[in-house]
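Structure first, then comments.
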Number of protein chains: 4
Amino acid sequence: MGRRELSIGLIGSGFMGKGHALSYALVGRVFDDLLAAPRLRLIADRDADTARRAARELGFEASVGHWRELVTHPEIDIVDITAPNHLHSEMALAALTAGKHVYCEKPLALDAASAATMAEAAREAGVVTMVGFNYLKSPAALAAKGLISAGVLGEVWHFRGAFQQDVLADPRQPFGWRFERSLAGSGALGDLGAHVIALAHDLVGEVKQVCAQASTVIGERPEALGGYGYREVAAAGTALRSVENEDAVQALLTFEGGATGVLEANRVATGRKAHLTFEVSGSRGAIAWDHERMNELQLYDSGDPADRRGFKTVIMGPDHPYYGRFWPVAGCGLGLGDTKVIEVYELLQAVAQGRPARPDFRSGAAVQRVVDAILESAQQRRWVAV
Amino acid sequence: MGRRELSIGLIGSGFMGKGHALSYALVGRVFDDLLAAPRLRLIADRDADTARRAARELGFEASVGHWRELVTHPEIDIVDITAPNHLHSEMALAALTAGKHVYCEKPLALDAASAATMAEAAREAGVVTMVGFNYLKSPAALAAKGLISAGVLGEVWHFRGAFQQDVLADPRQPFGWRFERSLAGSGALGDLGAHVIALAHDLVGEVKQVCAQASTVIGERPEALGGYGYREVAAAGTALRSVENEDAVQALLTFEGGATGVLEANRVATGRKAHLTFEVSGSRGAIAWDHERMNELQLYDSGDPADRRGFKTVIMGPDHPYYGRFWPVAGCGLGLGDTKVIEVYELLQAVAQGRPARPDFRSGAAVQRVVDAILESAQQRRWVAV
Amino acid sequence: MGRRELSIGLIGSGFMGKGHALSYALVGRVFDDLLAAPRLRLIADRDADTARRAARELGFEASVGHWRELVTHPEIDIVDITAPNHLHSEMALAALTAGKHVYCEKPLALDAASAATMAEAAREAGVVTMVGFNYLKSPAALAAKGLISAGVLGEVWHFRGAFQQDVLADPRQPFGWRFERSLAGSGALGDLGAHVIALAHDLVGEVKQVCAQASTVIGERPEALGGYGYREVAAAGTALRSVENEDAVQALLTFEGGATGVLEANRVATGRKAHLTFEVSGSRGAIAWDHERMNELQLYDSGDPADRRGFKTVIMGPDHPYYGRFWPVAGCGLGLGDTKVIEVYELLQAVAQGRPARPDFRSGAAVQRVVDAILESAQQRRWVAV
Amino acid sequence: MGRRELSIGLIGSGFMGKGHALSYALVGRVFDDLLAAPRLRLIADRDADTARRAARELGFEASVGHWRELVTHPEIDIVDITAPNHLHSEMALAALTAGKHVYCEKPLALDAASAATMAEAAREAGVVTMVGFNYLKSPAALAAKGLISAGVLGEVWHFRGAFQQDVLADPRQPFGWRFERSLAGSGALGDLGAHVIALAHDLVGEVKQVCAQASTVIGERPEALGGYGYREVAAAGTALRSVENEDAVQALLTFEGGATGVLEANRVATGRKAHLTFEVSGSRGAIAWDHERMNELQLYDSGDPADRRGFKTVIMGPDHPYYGRFWPVAGCGLGLGDTKVIEVYELLQAVAQGRPARPDFRSGAAVQRVVDAILESAQQRRWVAV
């Protein structure tokens, strides 16, 4: 294709690993101005057999049994980390040390200190980094950012954001890594709330102070005897184990620019599926989004004639960011997978052009600082400066 | 109050009669510019006892046992007809002959010929008439009319309207007057579809040609042994009786102005409650309304910037017709009863000022002509000119 | 009518006074089981002339120039207070001392101490009291309460509530009593947030601890030279005056029963009209409501079949509280005014039957305690026990 | 992968050709039970150069300059036709004659006679055929079909379906092949309405009789001087050419099973983007879908408790058809592209298993018969049996 090639080394072949592989396969077909074609060079997984099988299934040229071999492999340009969260930091630091560009799934790390170290290492390495906050890449979220930047809302006054899911609302779902502090870090906050923080930073600016409460609604869960996918249910009578992190968190926010905010994250929000929402209002307008209707943006402009003011349901189309790369007419509907293709596109373009990607490790560390501040605030029941 | 008084003679104290009485009680309190106060002078009902009780309950000064006495009573200014549909024509003609202003619930008559006679009698009498198509008086419907008249939609191209209810979708509901042709005339069409036609006339102009199909979905219903309210259910084993009019009708329309349209009326539309909806689209914009959310208007303006086009949810407020008479801030929400108060206000103002009210008997007859054309079309399965 | 009569003494003939008068006029016509008919005996207002005019317009038998004369008048059964907020306490205490039943618009008082005194006085007087939190009387809110009480949600885990309006979002709107602490007490919290607290208490139970932030978004407003209705806009160049209370408040809540919550109140929420919303979720289901669509309730039941779970849009009808008193079929739509009629009905029935009304002064004082705790928390930036 | 291989010969590399290529690239990664891997063997396009470039860009092994060479190529298993509509028939017949399986984009042909010939040829050839009505493959549409088949709606009474777009509502958009009868056949009906008919057949059964009206709202369009994509606008003063087919059509339907229906297709429906909707109601329930919110299904069950009935918004998740192949939790959101992957999966599985795919040429011909009947009805302004 005349495109430069960038060799990908992927760590992890679980759900997200598979998703990344799909995105690499698609990105060049969707974006004809792609500057650098991804080459699926190497994959690593928890053991050599798993990695070998994954290479075959996902179309990688080769596999290795340990990720350390991958991150230092001379032919790899981009290390792509989709391994369990508690391994992100060690892997990314090793890759940065080896001078690789790094694409890491969220959360960047289990705590702010690790994330800061990673961001600093990235700065020193001078490479391109990206954190997989793919909701930022939804055309509607990008359109919202554009409208806010263009001043359509006037001065931003208030932010409301929430990520609510009921995916773990059943007390019979067994204890798994998500409930264990050493493996997952925080609970709903790090898993879901981090996306809200990333959106808040993207749309409104950095969070300055927080005050939060956190609760573990389902205090004990059955020990997992086998697998523990979202849809497992333990047999009655299974021994119980204490959940170590929060099911739900609510926080008050103040932003650097003076706006106020409210954030919620909840993994036991009965009835809600992937209910990631935000509403930003300002002196001239307001904008709202609900990921469950990801192809729509709600927009209010107080400059409309008095009898014709209202929230407008703007359906994404070729006039909105990236949409036209997928479909020629509005309303066809992108899916969550398409946002991952956009993310990979932005990563590859940034690497090809030698400029920062967004959100990079610095942004990821900023999100993690807010996560830590919220946890500290909830524990100490007081306001905490980020 | 310094206001002129207009004496009301109400025929019928059923559900609608009670509603009218409520509206008379409220209208002066809601509208401080009301020119003529209604005086609840006389009420008639099926027999003297019923009428006497109704007078006491609804606050009328006196009662009569037969409506003929009322329509010719010298002190009555406005005859208000809420009696069963098959009596409208005879009553209204008598009242017009006596020189009274006449306010008649819809449908004006059971067929177009009777309605035409009534309209002609009204013209000759030179009095004010009004037909109770109260959905036309909803602030959102009035706002829609205003916006269309102001050219916000450009040239009107298409109309879609429907009134769907499931209030009679249960086959165990007994046979009652609604199912009997001699008492009700048509079924869903006259009862529900007439409202859609009235809206179509109001918003787009007169219907010129129709082609329709009608179906009686539940062909037989149990004989009513006692009352037959909407919520009655017959005992199993009750003898069945054939339904005489249509449960559902669908029609294609052409309008005088060249627009096309589709109309539906359905009294067995499982899941729908009072789902009266319209959508009018034109060369520059579109407007849509759903009575179940009667305080909202959907408005699309293709003149908006390309990335900010969408249907706007305009919530009724003081900038919309009549709303400010009820509440000082938007979003408080009017109810269906409030539209009846607006209707009575317009009637009283028209009588006080000696000018036509809207919709008058001429409008009501026009609606009835379309009803008849649709029935004829459905029966003969061909296009019919109105 | 054979009904006992209850003589009403109304203080105030402004917007709310007029609304109460309308409700008294309607209540007997809507509710045929009303035990005690309201008799519009006496009205008081800021001066004798205003009161006299109001009596004529609203249909009261007589008027007095000072409210003290009214509250001690021997023929008055129920004192109805719609005077400015800062006068509620003094008036209600005088009425209670005189042994009258008292119906008082919200907020009960400007601070919790006064409200507690009023509640205590009511207890001692042994009369019926009611506070005008009329959103509680919306059929959908009553249905929500019924479903929660019946256990449909299981154990209640979380509450989200907000009241957002943009009615004061324009900085050109002049300074009026709403912005002055001695006349209004708090700002958005007392005016709007109090409704949310009342709903939270009604649906979930009492609030135990709060942590809040408050902000005055528009710090200065033009001095009002004339009137200061919602729709006034000051001339450019008018001298500015500092706003004394908050435009927006956000609070974290914990409930006595263990549930957590978030509350927002905002009078400068660009784009929102009367956006009073709540969502309550529990171990088995969830329920949500938006006053702008007051005739709909959102209900989720996790006991539905796995492929048929979702929030259900339940449209109010005769199967829901009070609706059938207004209309025989679902979907006709009640308005905000109808909730006031229901409120007056409950008050009159309670007085007639000698049992407490809901919400009474004790409930009103409980709401005010939460208001004060939120204000204290916002000021001191720390958690406060109610 | 151990999978059998099926060699694909793709005709056309325009928008749809590219989409098919994407789907082949994805299908094996999404569906791990895929029985036969697609091998991108050959591509043909309007000339050799275009084909060569397309092969390189879309990843095909080789290219040919004329489609005839492709359809008879001995190594091709499946001929995939995405060429302009007026060529479908000739190409498919040639491929069937050569004994190939055929996957053809909709519309199958420009008229019912051609489509019937194709269906008959397919029957004789005994191969697998499929028509690209990909909206049928949306998980929500599949779930709807499943629920209807399971009897959740009871006896089906009524169907409403519409496809409305405003993509051609601007009169300045130039005349292109879509407006020319010899290239496009019908207008909105064949392009948009055919999808509605396919859904109607899938959900309710075959259409038996139709009565329709069609209108060309924008009678003349500027001659296209260059390209004529959806977003072109002609210069003022460009010579005009008469549009040869309909912009909008509305039809009454009766179904074999006795249900009634209404269909609309409109390519100048100002404000609507990809507004493909259906509502099916029956004796026990109702179901509704709007493609613009393709991940939601509206479901009403009249068996719910009386106070808890309403349309439920069911968000697609792992409990619905195919969703779990893409995402492990509900609400992530599939896009239109994902439906094409599902379609390709079903095609490949059918070929691998030697059983019919759905919808096949017989189904496509049935849709075309309804299209032709509607056109005839609109022209002759009378009911037409299909």
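Chains: A, B, ... in order of the structure tokens. Residues: from 1 per chain. Ligands: from 1, in order shown.
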Can you tell me which residues surround Ala92 of chain C at a distance of at most 7 Å, considering only C-alpha atoms, apart from same-chain residues fewer than 4 positions away, and format the answer as a PyMOL selection string? chain C and resi 88+96+102
Residues of segment 110-233 of chain A classed as strand (DSSP E) by DSSP on the backbone are to be reported as an MDAnalysis selection string. chainID A and resid 129:131 156:164 207:215 220:222
Emit the selected residues as a compact mmCIF listing (two decimals), in the first residue's frame, including N, CA, C and O atoms.
# COMPACT_ATOMS: atom_id res chain seq x y z
N THR A 129 2.70 7.56 23.54
CA THR A 129 1.93 6.67 24.41
C THR A 129 0.44 6.97 24.24
O THR A 129 0.07 8.08 23.84
N MET A 130 -0.33 5.98 24.55
CA MET A 130 -1.78 6.18 24.49
C MET A 130 -2.44 5.25 25.50
O MET A 130 -2.02 4.10 25.67
N VAL A 131 -3.48 5.77 26.16
CA VAL A 131 -4.27 4.97 27.09
C VAL A 131 -5.64 4.72 26.46
O VAL A 131 -6.22 5.63 25.86
N VAL A 156 -18.19 27.39 30.79
CA VAL A 156 -18.71 26.12 31.34
C VAL A 156 -18.94 26.27 32.84
O VAL A 156 -18.04 26.68 33.58
N TRP A 157 -20.14 25.94 33.27
CA TRP A 157 -20.53 26.11 34.67
C TRP A 157 -20.59 24.79 35.45
O TRP A 157 -20.30 24.75 36.62
N HIS A 158 -21.04 23.74 34.77
CA HIS A 158 -21.32 22.53 35.55
C HIS A 158 -21.15 21.27 34.70
O HIS A 158 -21.44 21.26 33.50
N PHE A 159 -20.72 20.22 35.36
CA PHE A 159 -20.53 18.91 34.74
C PHE A 159 -21.23 17.86 35.58
O PHE A 159 -21.13 17.85 36.80
N ARG A 160 -21.95 16.98 34.90
CA ARG A 160 -22.50 15.79 35.57
C ARG A 160 -22.07 14.59 34.75
O ARG A 160 -22.28 14.55 33.54
N GLY A 161 -21.52 13.61 35.40
CA GLY A 161 -21.11 12.42 34.68
C GLY A 161 -21.35 11.18 35.52
O GLY A 161 -21.21 11.21 36.75
N ALA A 162 -21.69 10.11 34.85
CA ALA A 162 -21.94 8.86 35.58
C ALA A 162 -21.68 7.67 34.66
O ALA A 162 -21.85 7.77 33.45
N PHE A 163 -21.24 6.61 35.26
CA PHE A 163 -21.16 5.32 34.55
C PHE A 163 -21.83 4.30 35.46
O PHE A 163 -21.35 4.00 36.55
N GLN A 164 -22.95 3.83 35.00
CA GLN A 164 -23.76 2.91 35.79
C GLN A 164 -23.98 1.61 35.03
O GLN A 164 -24.37 1.65 33.87
N VAL A 207 -9.69 18.23 37.10
CA VAL A 207 -10.38 18.26 38.39
C VAL A 207 -9.39 18.70 39.45
O VAL A 207 -8.24 18.27 39.47
N LYS A 208 -9.86 19.56 40.35
CA LYS A 208 -8.96 20.20 41.31
C LYS A 208 -9.17 19.65 42.72
O LYS A 208 -8.23 19.43 43.47
N GLN A 209 -10.43 19.50 43.10
CA GLN A 209 -10.74 19.00 44.44
C GLN A 209 -11.90 18.03 44.35
O GLN A 209 -12.78 18.18 43.50
N VAL A 210 -11.90 17.08 45.28
CA VAL A 210 -12.98 16.09 45.28
C VAL A 210 -13.45 15.82 46.70
O VAL A 210 -12.70 15.96 47.67
N CYS A 211 -14.71 15.44 46.78
CA CYS A 211 -15.23 14.92 48.05
C CYS A 211 -16.17 13.78 47.69
O CYS A 211 -17.07 13.95 46.86
N ALA A 212 -15.95 12.62 48.30
CA ALA A 212 -16.62 11.42 47.80
C ALA A 212 -17.10 10.51 48.92
O ALA A 212 -16.66 10.61 50.08
N GLN A 213 -18.04 9.64 48.55
CA GLN A 213 -18.36 8.52 49.42
C GLN A 213 -18.36 7.26 48.54
O GLN A 213 -18.68 7.31 47.36
N ALA A 214 -17.96 6.17 49.17
CA ALA A 214 -17.91 4.90 48.45
C ALA A 214 -18.59 3.85 49.30
O ALA A 214 -18.56 3.91 50.53
N SER A 215 -19.23 2.90 48.63
CA SER A 215 -19.88 1.84 49.41
C SER A 215 -19.75 0.50 48.70
O SER A 215 -19.78 0.42 47.48
N GLU A 220 -20.24 -9.49 50.58
CA GLU A 220 -19.61 -10.80 50.42
C GLU A 220 -20.13 -11.48 49.17
O GLU A 220 -21.30 -11.34 48.82
N ARG A 221 -19.25 -12.21 48.55
CA ARG A 221 -19.64 -12.95 47.34
C ARG A 221 -19.13 -14.37 47.46
O ARG A 221 -18.14 -14.63 48.16
N PRO A 222 -19.77 -15.30 46.77
CA PRO A 222 -19.32 -16.70 46.83
C PRO A 222 -17.92 -16.83 46.23
O PRO A 222 -17.60 -16.17 45.23
Using only C-alpha atoms, I'd like a table of the residues in chain B that come within 10 Å of chain D; for each, show the closest atom pair and its distance in Å rounded to one decimal, ordered by chain and ascending number, as a tab-separated table.
residue	atom	partner	partner_atom	distance
B:Leu153	CA	D:Thr270	CA	9.1
B:Trp157	CA	D:Val217	CA	7.3
B:His158	CA	D:Ala269	CA	8.2
B:Arg160	CA	D:Glu264	CA	9.9
B:Asp166	CA	D:Ser302	CA	9.9
B:Ala169	CA	D:Ser283	CA	7.2
B:Asp170	CA	D:Ser283	CA	7.9
B:Pro171	CA	D:Ser283	CA	8.9
B:Cys211	CA	D:Cys211	CA	8.0
B:Ala212	CA	D:Leu252	CA	7.6
B:Gln213	CA	D:Leu252	CA	7.4
B:Ala214	CA	D:Thr260	CA	8.8
B:Ser215	CA	D:Thr260	CA	8.0
B:Val217	CA	D:Trp157	CA	7.3
B:Ile218	CA	D:Ser283	CA	9.5
B:Ala248	CA	D:Thr260	CA	9.1
B:Val249	CA	D:Thr260	CA	9.2
B:Gln250	CA	D:Leu252	CA	7.1
B:Ala251	CA	D:Leu252	CA	7.4
B:Leu252	CA	D:Gln250	CA	7.1
B:Leu253	CA	D:Gln213	CA	8.8
B:Thr254	CA	D:Gln213	CA	9.1
B:Gly258	CA	D:Val217	CA	9.5
B:Ala259	CA	D:Val217	CA	8.9
B:Thr260	CA	D:Ser215	CA	8.1
B:Gly261	CA	D:Gln250	CA	8.0
B:Val262	CA	D:Gln250	CA	7.2
B:Leu263	CA	D:Val262	CA	9.5
B:Glu264	CA	D:Val262	CA	8.8
B:Asn266	CA	D:His158	CA	9.7
B:Val268	CA	D:Ser283	CA	8.4
B:Ala269	CA	D:Ser281	CA	6.6
B:Thr270	CA	D:Gly285	CA	5.9
B:Gly271	CA	D:Tyr300	CA	5.8
B:Arg272	CA	D:Gly310	CA	8.5
B:Lys273	CA	D:Gly310	CA	9.3
B:Val280	CA	D:Thr270	CA	9.4
B:Ser281	CA	D:Thr270	CA	6.0
B:Gly282	CA	D:Thr270	CA	6.5
B:Ser283	CA	D:Thr270	CA	6.9
B:Arg284	CA	D:Thr270	CA	7.1
B:Gly285	CA	D:Thr270	CA	5.9
B:Ala286	CA	D:Thr270	CA	6.1
B:Ile287	CA	D:Gly271	CA	8.9
B:Leu299	CA	D:Gly271	CA	8.8
B:Tyr300	CA	D:Gly271	CA	5.8
B:Asp301	CA	D:Gly271	CA	7.6
B:Ser302	CA	D:Gly271	CA	7.1
B:Arg309	CA	D:Gly271	CA	8.0
B:Gly310	CA	D:Gly271	CA	6.6
B:Phe311	CA	D:Gly271	CA	6.8
B:Arg381	CA	D:Trp383	CA	7.0
B:Arg382	CA	D:Arg382	CA	5.8
B:Trp383	CA	D:Arg382	CA	7.0
Name the residues of segment 130-335 of chain C that come out as helix (DSSP H, G or I) in a backbone DSSP run; write them as a PyMOL selection string. chain C and resi 134-137+139-149+177-179+181-184+188-203+291-293+306-308+323-326
Rank nothing, just name the residue among D:Ser363, D:Ser23, D:Ser7, D:Thr97 nearest to Ala36 of chain D, using only C-alpha atoms. D:Ser7
Write out as a PyMOL selection string the residues lying within 7 Å of Leu42 of chain D, counting only C-alpha atoms and excluding same-chain residues fewer than 3 positions away. chain D and resi 8-10+60-63
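Pairwise distance (atom CA of Pro38 of chain B, atom CA of His320 of chain B) equals 25.7 Å.
Taking atom CA of Tyr103 of chain C and atom CA of Arg56 of chain B as the two end points, the separation is 28.1 Å.
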